[in-house]
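Have a look at run.cif; it's mmCIF, C-alpha atoms:
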data_work
loop_
_atom_site.group_PDB
_atom_site.id
_atom_site.type_symbol
_atom_site.label_atom_id
_atom_site.label_comp_id
_atom_site.auth_asym_id
_atom_site.auth_seq_id
_atom_site.Cartn_x
_atom_site.Cartn_y
_atom_site.Cartn_z
ATOM 1 C CA MET A 4 0.000 0.000 0.000
ATOM 2 C CA TYR A 5 1.294 3.460 -0.920
ATOM 3 C CA LYS A 6 2.261 5.581 2.096
ATOM 4 C CA PHE A 7 1.417 9.236 1.596
ATOM 5 C CA SER A 8 3.865 10.300 4.298
ATOM 6 C CA GLU A 9 6.631 8.197 5.837
ATOM 7 C CA SER A 10 6.853 10.491 8.877
ATOM 8 C CA LEU A 11 3.092 10.356 9.433
ATOM 9 C CA SER A 12 3.145 6.569 9.160
ATOM 10 C CA GLU A 13 5.958 6.417 11.713
ATOM 11 C CA LEU A 14 4.005 8.678 14.097
ATOM 12 C CA GLN A 15 0.973 6.415 13.742
ATOM 13 C CA LYS A 16 3.140 3.354 14.409
ATOM 14 C CA GLN A 17 4.581 4.903 17.590
ATOM 15 C CA LEU A 18 1.143 5.966 18.841
ATOM 16 C CA GLN A 19 0.025 2.334 18.651
ATOM 17 C CA LEU A 20 2.420 1.629 21.527
ATOM 18 C CA LEU A 21 0.008 3.476 23.831
ATOM 19 C CA PRO A 22 -2.478 1.376 25.845
ATOM 20 C CA SER A 23 -5.809 0.661 24.105
ATOM 21 C CA ILE A 24 -4.715 2.443 20.909
ATOM 22 C CA GLY A 25 -5.280 0.390 17.772
ATOM 23 C CA GLU A 26 -4.454 1.203 14.157
ATOM 24 C CA LYS A 27 -7.511 3.385 13.488
ATOM 25 C CA SER A 28 -7.225 5.302 16.770
ATOM 26 C CA ALA A 29 -3.522 5.882 16.149
ATOM 27 C CA GLN A 30 -4.307 7.175 12.672
ATOM 28 C CA ARG A 31 -6.878 9.635 14.063
ATOM 29 C CA LEU A 32 -4.473 10.812 16.754
ATOM 30 C CA ALA A 33 -1.653 11.274 14.251
ATOM 31 C CA TYR A 34 -3.816 13.425 11.968
ATOM 32 C CA PHE A 35 -5.131 15.362 14.959
ATOM 33 C CA LEU A 36 -1.612 16.150 16.193
ATOM 34 C CA ILE A 37 -0.210 17.336 12.876
ATOM 35 C CA ASN A 38 -3.204 19.634 12.395
ATOM 36 C CA GLN A 39 -2.642 21.400 15.726
ATOM 37 C CA PRO A 40 -0.599 24.612 16.076
ATOM 38 C CA LYS A 41 3.061 23.664 15.937
ATOM 39 C CA ASP A 42 3.946 25.293 19.278
ATOM 40 C CA LYS A 43 1.277 23.294 21.140
ATOM 41 C CA VAL A 44 2.421 19.955 19.703
ATOM 42 C CA LEU A 45 6.082 20.748 20.358
ATOM 43 C CA ALA A 46 5.176 21.675 23.963
ATOM 44 C CA LEU A 47 3.544 18.244 24.297
ATOM 45 C CA ALA A 48 6.645 16.549 22.857
ATOM 46 C CA GLU A 49 8.883 18.518 25.214
ATOM 47 C CA SER A 50 6.793 17.555 28.252
ATOM 48 C CA ILE A 51 7.129 13.871 27.275
ATOM 49 C CA VAL A 52 10.908 14.187 26.996
ATOM 50 C CA THR A 53 11.091 16.066 30.321
ATOM 51 C CA ALA A 54 8.997 13.445 32.104
ATOM 52 C CA ILE A 55 11.101 10.596 30.686
ATOM 53 C CA ASN A 56 14.340 12.302 31.715
ATOM 54 C CA ASN A 57 13.187 13.402 35.179
ATOM 55 C CA CYS A 58 10.841 10.664 36.437
ATOM 56 C CA LYS A 59 12.788 7.811 38.015
ATOM 57 C CA PRO A 60 11.753 5.101 40.483
ATOM 58 C CA CYS A 61 12.314 6.132 44.104
ATOM 59 C CA SER A 62 15.196 4.050 45.489
ATOM 60 C CA GLN A 63 13.116 3.177 48.563
ATOM 61 C CA CYS A 64 9.536 2.564 47.398
ATOM 62 C CA PHE A 65 9.881 2.636 43.556
ATOM 63 C CA LEU A 66 7.237 5.318 43.077
ATOM 64 C CA LEU A 67 7.979 7.270 39.886
ATOM 65 C CA SER A 68 9.209 10.635 41.109
ATOM 66 C CA ASP A 69 11.265 13.718 40.223
ATOM 67 C CA THR A 70 13.114 13.362 43.546
ATOM 68 C CA ASP A 71 14.934 10.495 45.256
ATOM 69 C CA PRO A 72 13.797 9.615 47.840
ATOM 70 C CA CYS A 73 10.286 10.614 46.812
ATOM 71 C CA LYS A 74 8.147 13.117 48.730
ATOM 72 C CA ILE A 75 6.086 10.365 50.375
ATOM 73 C CA CYS A 76 9.158 8.541 51.698
ATOM 74 C CA THR A 77 10.554 11.788 53.145
ATOM 75 C CA ASP A 78 7.256 13.004 54.645
ATOM 76 C CA PRO A 79 7.662 12.860 58.456
ATOM 77 C CA ASP A 80 3.881 12.931 58.954
ATOM 78 C CA ARG A 81 3.290 9.585 57.238
ATOM 79 C CA ASN A 82 2.573 6.504 59.373
ATOM 80 C CA GLU A 83 5.841 4.535 59.207
ATOM 81 C CA GLU A 84 4.312 1.296 60.506
ATOM 82 C CA THR A 85 1.800 0.685 57.708
ATOM 83 C CA LEU A 86 2.922 -0.284 54.204
ATOM 84 C CA CYS A 87 0.577 -0.360 51.205
ATOM 85 C CA VAL A 88 1.850 -2.646 48.436
ATOM 86 C CA VAL A 89 0.603 -1.722 44.950
ATOM 87 C CA GLU A 90 1.317 -2.676 41.358
ATOM 88 C CA SER A 91 2.124 0.761 39.932
ATOM 89 C CA THR A 92 2.499 4.481 40.579
ATOM 90 C CA ARG A 93 -0.984 5.157 39.183
ATOM 91 C CA ASP A 94 -2.438 3.007 42.008
ATOM 92 C CA ILE A 95 -0.760 5.293 44.558
ATOM 93 C CA ILE A 96 -2.280 8.327 42.850
ATOM 94 C CA LEU A 97 -5.722 6.712 43.100
ATOM 95 C CA ILE A 98 -5.295 5.787 46.769
ATOM 96 C CA GLU A 99 -3.960 9.232 47.665
ATOM 97 C CA SER A 100 -7.045 10.797 46.052
ATOM 98 C CA THR A 101 -9.213 9.121 48.730
ATOM 99 C CA ASN A 102 -7.348 10.854 51.607
ATOM 100 C CA GLU A 103 -7.905 7.621 53.522
ATOM 101 C CA PHE A 104 -4.386 6.166 53.714
ATOM 102 C CA LYS A 105 -1.547 7.979 55.509
ATOM 103 C CA GLY A 106 1.138 5.298 55.543
ATOM 104 C CA ARG A 107 3.980 4.329 53.217
ATOM 105 C CA TYR A 108 3.944 2.577 49.835
ATOM 106 C CA PHE A 109 5.875 -0.052 47.908
ATOM 107 C CA VAL A 110 5.486 -0.427 44.127
ATOM 108 C CA LEU A 111 5.836 -3.942 42.688
ATOM 109 C CA GLY A 112 6.013 -2.797 39.064
ATOM 110 C CA ASN A 113 4.312 -5.975 37.802
ATOM 111 C CA LEU A 114 2.021 -8.771 38.903
ATOM 112 C CA LEU A 115 3.022 -12.425 38.872
ATOM 113 C CA SER A 116 2.300 -14.017 35.510
ATOM 114 C CA PRO A 117 4.099 -17.304 34.765
ATOM 115 C CA VAL A 118 2.612 -17.305 31.242
ATOM 116 C CA SER A 119 4.331 -13.958 30.542
ATOM 117 C CA GLY A 120 7.530 -14.975 32.293
ATOM 118 C CA ILE A 121 7.002 -12.590 35.227
ATOM 119 C CA GLY A 122 8.299 -14.203 38.411
ATOM 120 C CA PRO A 123 9.157 -13.037 41.968
ATOM 121 C CA HIS A 124 12.270 -11.108 40.886
ATOM 122 C CA GLN A 125 10.243 -9.154 38.305
ATOM 123 C CA ILE A 126 7.844 -7.949 41.023
ATOM 124 C CA ARG A 127 10.629 -6.802 43.391
ATOM 125 C CA ILE A 128 10.130 -9.399 46.115
ATOM 126 C CA PRO A 129 13.839 -9.214 47.117
ATOM 127 C CA GLU A 130 13.521 -5.407 47.347
ATOM 128 C CA LEU A 131 10.330 -5.746 49.409
ATOM 129 C CA GLU A 132 12.144 -8.036 51.829
ATOM 130 C CA LYS A 133 14.959 -5.474 52.217
ATOM 131 C CA TYR A 134 12.400 -2.709 52.783
ATOM 132 C CA LEU A 135 10.738 -4.700 55.568
ATOM 133 C CA GLN A 136 14.095 -5.427 57.180
ATOM 134 C CA LYS A 137 15.062 -1.731 57.208
ATOM 135 C CA ASN A 138 11.707 -0.335 58.385
ATOM 136 C CA HIS A 139 9.452 -1.068 61.362
ATOM 137 C CA ILE A 140 6.344 -2.190 59.462
ATOM 138 C CA THR A 141 3.550 -3.797 61.493
ATOM 139 C CA GLU A 142 0.846 -4.014 58.787
ATOM 140 C CA VAL A 143 1.190 -4.760 55.081
ATOM 141 C CA ILE A 144 -1.854 -3.862 52.980
ATOM 142 C CA LEU A 145 -2.017 -5.669 49.628
ATOM 143 C CA ALA A 146 -3.828 -3.079 47.480
ATOM 144 C CA ILE A 147 -3.734 -5.095 44.281
ATOM 145 C CA SER A 148 -6.376 -5.453 41.558
ATOM 146 C CA PRO A 149 -8.389 -8.688 42.078
ATOM 147 C CA SER A 150 -7.578 -10.122 38.631
ATOM 148 C CA THR A 151 -6.176 -13.615 38.076
ATOM 149 C CA GLU A 152 -2.619 -12.222 38.172
ATOM 150 C CA GLY A 153 -3.527 -10.028 41.144
ATOM 151 C CA GLU A 154 -4.898 -12.934 43.174
ATOM 152 C CA THR A 155 -1.808 -15.017 42.359
ATOM 153 C CA THR A 156 0.404 -12.137 43.524
ATOM 154 C CA ILE A 157 -1.622 -11.570 46.705
ATOM 155 C CA HIS A 158 -1.360 -15.225 47.713
ATOM 156 C CA PHE A 159 2.342 -15.381 46.884
ATOM 157 C CA ILE A 160 3.161 -12.293 48.977
ATOM 158 C CA ALA A 161 0.932 -13.508 51.822
ATOM 159 C CA GLU A 162 2.869 -16.791 51.920
ATOM 160 C CA PHE A 163 6.153 -14.893 51.699
ATOM 161 C CA LEU A 164 5.178 -12.692 54.674
ATOM 162 C CA LYS A 165 3.614 -15.458 56.774
ATOM 163 C CA GLU A 166 6.725 -16.011 58.906
ATOM 164 C CA LYS A 167 7.643 -12.333 59.246
ATOM 165 C CA ASP A 168 5.296 -11.418 62.094
ATOM 166 C CA LYS A 169 3.342 -8.834 60.095
ATOM 167 C CA LYS A 170 -0.372 -8.183 59.970
ATOM 168 C CA ILE A 171 -1.341 -8.830 56.337
ATOM 169 C CA THR A 172 -4.551 -7.334 54.967
ATOM 170 C CA ARG A 173 -6.126 -6.786 51.561
ATOM 171 C CA LEU A 174 -8.796 -4.484 50.190
ATOM 172 C CA SER A 175 -12.389 -5.511 50.793
ATOM 173 C CA THR A 176 -14.549 -7.028 48.079
ATOM 174 C CA GLY A 177 -16.005 -3.661 47.072
ATOM 175 C CA ILE A 178 -13.735 -3.985 44.035
ATOM 176 C CA PRO A 179 -15.237 -6.611 41.675
ATOM 177 C CA TYR A 180 -13.128 -9.644 40.794
ATOM 178 C CA GLY A 181 -11.338 -9.244 37.484
ATOM 179 C CA SER A 182 -11.478 -5.445 37.590
ATOM 180 C CA ASP A 183 -8.570 -3.002 37.471
ATOM 181 C CA MET A 184 -7.976 -0.509 40.284
ATOM 182 C CA GLU A 185 -7.425 2.141 37.616
ATOM 183 C CA TYR A 186 -11.166 2.079 36.871
ATOM 184 C CA THR A 187 -12.322 2.016 40.487
ATOM 185 C CA GLY A 188 -14.076 5.114 41.831
ATOM 186 C CA ALA A 189 -12.542 7.012 44.754
ATOM 187 C CA ALA A 190 -15.504 6.259 47.048
ATOM 188 C CA THR A 191 -15.357 2.519 46.312
ATOM 189 C CA LEU A 192 -11.600 2.489 46.850
ATOM 190 C CA MET A 193 -11.923 4.440 50.111
ATOM 191 C CA ASN A 194 -14.454 1.934 51.470
ATOM 192 C CA ALA A 195 -12.283 -0.965 50.304
ATOM 193 C CA LEU A 196 -9.381 0.502 52.290
ATOM 194 C CA ARG A 197 -11.514 1.049 55.387
ATOM 195 C CA ARG A 198 -12.964 -2.477 55.289
ATOM 196 C CA ARG A 199 -9.721 -4.279 54.478
ATOM 197 C CA TYR A 200 -9.473 -7.734 55.993
ATOM 198 C CA PRO A 201 -6.741 -10.245 56.911
ATOM 199 C CA VAL A 202 -5.279 -12.444 54.188
#
What do you get writing this file as structure tokens?
Amino acid sequence: MYKFSESLSELQKQLQLLPSIGEKSAQRLAYFLINQPKDKVLALAESIVTAINNCKPCSQCFLLSDTDPCKICTDPDRNEETLCVVESTRDIILIESTNEFKGRYFVLGNLLSPVSGIGPHQIRIPELEKYLQKNHITEVILAISPSTEGETTIHFIAEFLKEKDKKITRLSTGIPYGSDMEYTGAATLMNALRRRYPV
């Protein structure tokens, strides 16, 4: 098929790397972008480059941050005895929006998925163990989406923590099985945090 513009085709190809963006959506986005004022599109491109260059995982909790340690890890008002374990930075943003949790966080980065080759080392279990050794944590909250991978990860971490004298809890069943925390409303998430229960 004849390509009217190699650069436009390349832009469309790169846009397809974004979540939930197929060929048609990428094509629409590409045409939308090139028809915008040049300064606005270049400002968008610059913000992407800046974010990529400046956002790094916190060396303590692995939250994506412009500072290391991140602002949550250095906040003296946070409860240092409660640790909320999540899959990604976006989960922390969601939880923080509820104003319900005032403890610390740990970001796994992935969920266990043997089919995809994601094992304990890919979800930072060794780093989690070091974090628990260095900090006085009494409760570990597993705030993980209740998908198949999420349930596998929850049970694995619960077994891993069983001998470490920690209270282990998870979010209540207000979040439907198979759903993603990204699409959970703040009120539902707040109630799930309040009604968390032992694993």
Residues near stretch 152-155 of chain A, anyone? I mean within 6 Å using only C-alpha atoms, not counting same-chain ones fewer than 2 positions away, as JSON, numbers by chain. {"A": [114, 115, 116, 147, 148, 149, 150, 157, 158]}
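Among the candidates A:Ile37, A:Leu14, A:Val89, A:Ile171, the one nearest to A:Phe109 when counting only C-alpha atoms is A:Val89.
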If you count all atoms listed in the file, the residue of A:Thr53, A:Gly112, A:Leu18, A:Tyr134 closest to A:Asp69 turns out to be A:Thr53
Between atom CA of A:Asn113 and atom CA of A:Ser91, what distance in Å does the model show, to one decimal? 7.4 Å
Using only the atoms of stretch 56-59 of chain A listed in the file, plus 6 Å on each side, state the axis-aligned box centre and edge lengths in Å rounded to one decimal, as lines of an AutoDock Vina configuration file.
center_x = 12.6
center_y = 10.6
center_z = 34.9
size_x = 15.5
size_y = 17.6
size_z = 18.3
What does the distance from atom CA of A:Cys64 to atom CA of A:Leu164 come to in Å, to one decimal? 17.5 Å
The PyMOL selection byres ((chain A and resi 167) around 10) applied to the shown file, residues as a ChimeraX atom specification: /A:132,135-136,141,162-166,168-170
To one decimal place, how far is atom CA of A:Gln19 from atom CA of A:Val118 in Å? 23.5 Å
Do a neighbour search on A:Thr70 at 8 Å with all atoms listed in the file, toss out local chain neighbours closer than 5 positions, and write the hits as a list in words. Cys58, Lys59 and Cys61 of chain A
For C-alpha atoms, I'd like the residues from the last selection saved as a PDB file, in the coordinates of the input.
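After the write, again39.pdb holds the following:
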ATOM      1  CA  CYS A  58      10.841  10.664  36.437  1.00  0.00           C
ATOM      2  CA  LYS A  59      12.788   7.811  38.015  1.00  0.00           C
ATOM      3  CA  CYS A  61      12.314   6.132  44.104  1.00  0.00           C
TER       4      CYS A  61
END
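For the choices A:Ile55, A:Arg107, A:Asn38, A:Gln15, the atom-to-atom distance to A:Thr85 is smallest for A:Arg107 when using all atoms listed in the file.
In this comparison, which uses all atoms listed in the file, the residue of A:Asp78, A:Asp71, A:Asp42, A:Glu83 approaching A:Ile140 most closely is A:Glu83.
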